[in-house]
Amino acid sequence: MKHDHVLAATLHLADGQELYFDIRSAGYIDHNPGLTWTIFVPRPGTGTEERLAQLLAGTGLRRPMGKAGANRRSGQTG
């Protein structure tokens, strides 16, 4: 493996959450100059790993409270 690169990235989700990653990229894998690996690694100390686990489990999506969301929660319609 040659040409290891690291780039910081912040992903902004539609609900306002932010996830912080280090993007690790390496080229020339297995002596093939056309093969590149790119891996998103949660940045330590940012809470990204925990939030990502919640999102993947379906428990971490915060929905914006608009009129429709408020009505649904109170049982009202229209």
# chains A, B, ... in the order shown; residues from 1 in each chain; ligands from 1
>>> residues_around(residues="segment 16-25 of chain A", least_positions_apart="2", cutoff="6 Å", atoms="only C-alpha atoms", output="PyMOL selection string")
chain A and resi 4-14+37-43+48
>>> write_last_selection(atoms="N, CA and C atoms", output="mmCIF file, in the first residue's frame")
data_model
loop_
_atom_site.group_PDB
_atom_site.id
_atom_site.type_symbol
_atom_site.label_atom_id
_atom_site.label_comp_id
_atom_site.auth_asym_id
_atom_site.auth_seq_id
_atom_site.Cartn_x
_atom_site.Cartn_y
_atom_site.Cartn_z
ATOM 1 N N ASP A 4 -0.691 6.932 1.422
ATOM 2 C CA ASP A 4 -1.721 7.046 2.445
ATOM 3 C C ASP A 4 -2.028 8.530 2.669
ATOM 4 N N HIS A 5 -3.314 8.895 2.619
ATOM 5 C CA HIS A 5 -3.750 10.279 2.802
ATOM 6 C C HIS A 5 -4.865 10.312 3.836
ATOM 7 N N VAL A 6 -4.929 11.401 4.623
ATOM 8 C CA VAL A 6 -5.995 11.595 5.595
ATOM 9 C C VAL A 6 -6.562 12.991 5.409
ATOM 10 N N LEU A 7 -7.900 13.073 5.375
ATOM 11 C CA LEU A 7 -8.596 14.336 5.196
ATOM 12 C C LEU A 7 -9.725 14.406 6.214
ATOM 13 N N ALA A 8 -9.867 15.513 6.922
ATOM 14 C CA ALA A 8 -10.957 15.700 7.882
ATOM 15 C C ALA A 8 -12.225 16.082 7.133
ATOM 16 N N ALA A 9 -13.358 15.534 7.592
ATOM 17 C CA ALA A 9 -14.636 15.844 6.953
ATOM 18 C C ALA A 9 -15.734 15.938 8.002
ATOM 19 N N THR A 10 -16.650 16.878 7.797
ATOM 20 C CA THR A 10 -17.828 17.010 8.648
ATOM 21 C C THR A 10 -19.048 16.810 7.769
ATOM 22 N N LEU A 11 -19.915 15.880 8.173
ATOM 23 C CA LEU A 11 -21.160 15.643 7.451
ATOM 24 C C LEU A 11 -22.288 16.330 8.211
ATOM 25 N N HIS A 12 -23.042 17.172 7.529
ATOM 26 C CA HIS A 12 -24.166 17.889 8.117
ATOM 27 C C HIS A 12 -25.439 17.173 7.686
ATOM 28 N N LEU A 13 -26.158 16.588 8.641
ATOM 29 C CA LEU A 13 -27.394 15.884 8.329
ATOM 30 C C LEU A 13 -28.556 16.859 8.260
ATOM 31 N N ALA A 14 -29.626 16.448 7.607
ATOM 32 C CA ALA A 14 -30.782 17.321 7.403
ATOM 33 C C ALA A 14 -31.421 17.766 8.716
ATOM 34 N N TRP A 37 -8.509 2.568 -1.981
ATOM 35 C CA TRP A 37 -9.443 2.386 -0.878
ATOM 36 C C TRP A 37 -9.694 3.730 -0.235
ATOM 37 N N THR A 38 -10.957 4.003 0.097
ATOM 38 C CA THR A 38 -11.317 5.198 0.842
ATOM 39 C C THR A 38 -12.207 4.757 1.992
ATOM 40 N N ILE A 39 -11.831 5.107 3.224
ATOM 41 C CA ILE A 39 -12.540 4.655 4.418
ATOM 42 C C ILE A 39 -12.882 5.860 5.279
ATOM 43 N N PHE A 40 -14.151 5.950 5.707
ATOM 44 C CA PHE A 40 -14.576 6.984 6.642
ATOM 45 C C PHE A 40 -14.380 6.441 8.052
ATOM 46 N N VAL A 41 -13.547 7.104 8.854
ATOM 47 C CA VAL A 41 -13.261 6.678 10.222
ATOM 48 C C VAL A 41 -13.820 7.738 11.169
ATOM 49 N N PRO A 42 -14.752 7.365 12.078
ATOM 50 C CA PRO A 42 -15.264 8.354 13.032
ATOM 51 C C PRO A 42 -14.125 8.977 13.820
ATOM 52 N N ARG A 43 -14.144 10.318 13.928
ATOM 53 C CA ARG A 43 -13.080 11.034 14.625
ATOM 54 C C ARG A 43 -13.247 10.839 16.137
ATOM 55 N N THR A 48 -19.183 11.060 17.383
ATOM 56 C CA THR A 48 -19.669 10.588 16.087
ATOM 57 C C THR A 48 -19.957 9.090 16.099
#
>>> atom_distance(atom1="atom CA of Gly45 of chain A", atom2="atom CA of Ala57 of chain A")
20.6 Å
>>> atom_distance(atom1="atom CA of Asp15 of chain A", atom2="atom CA of Leu55 of chain A")
11.7 Å
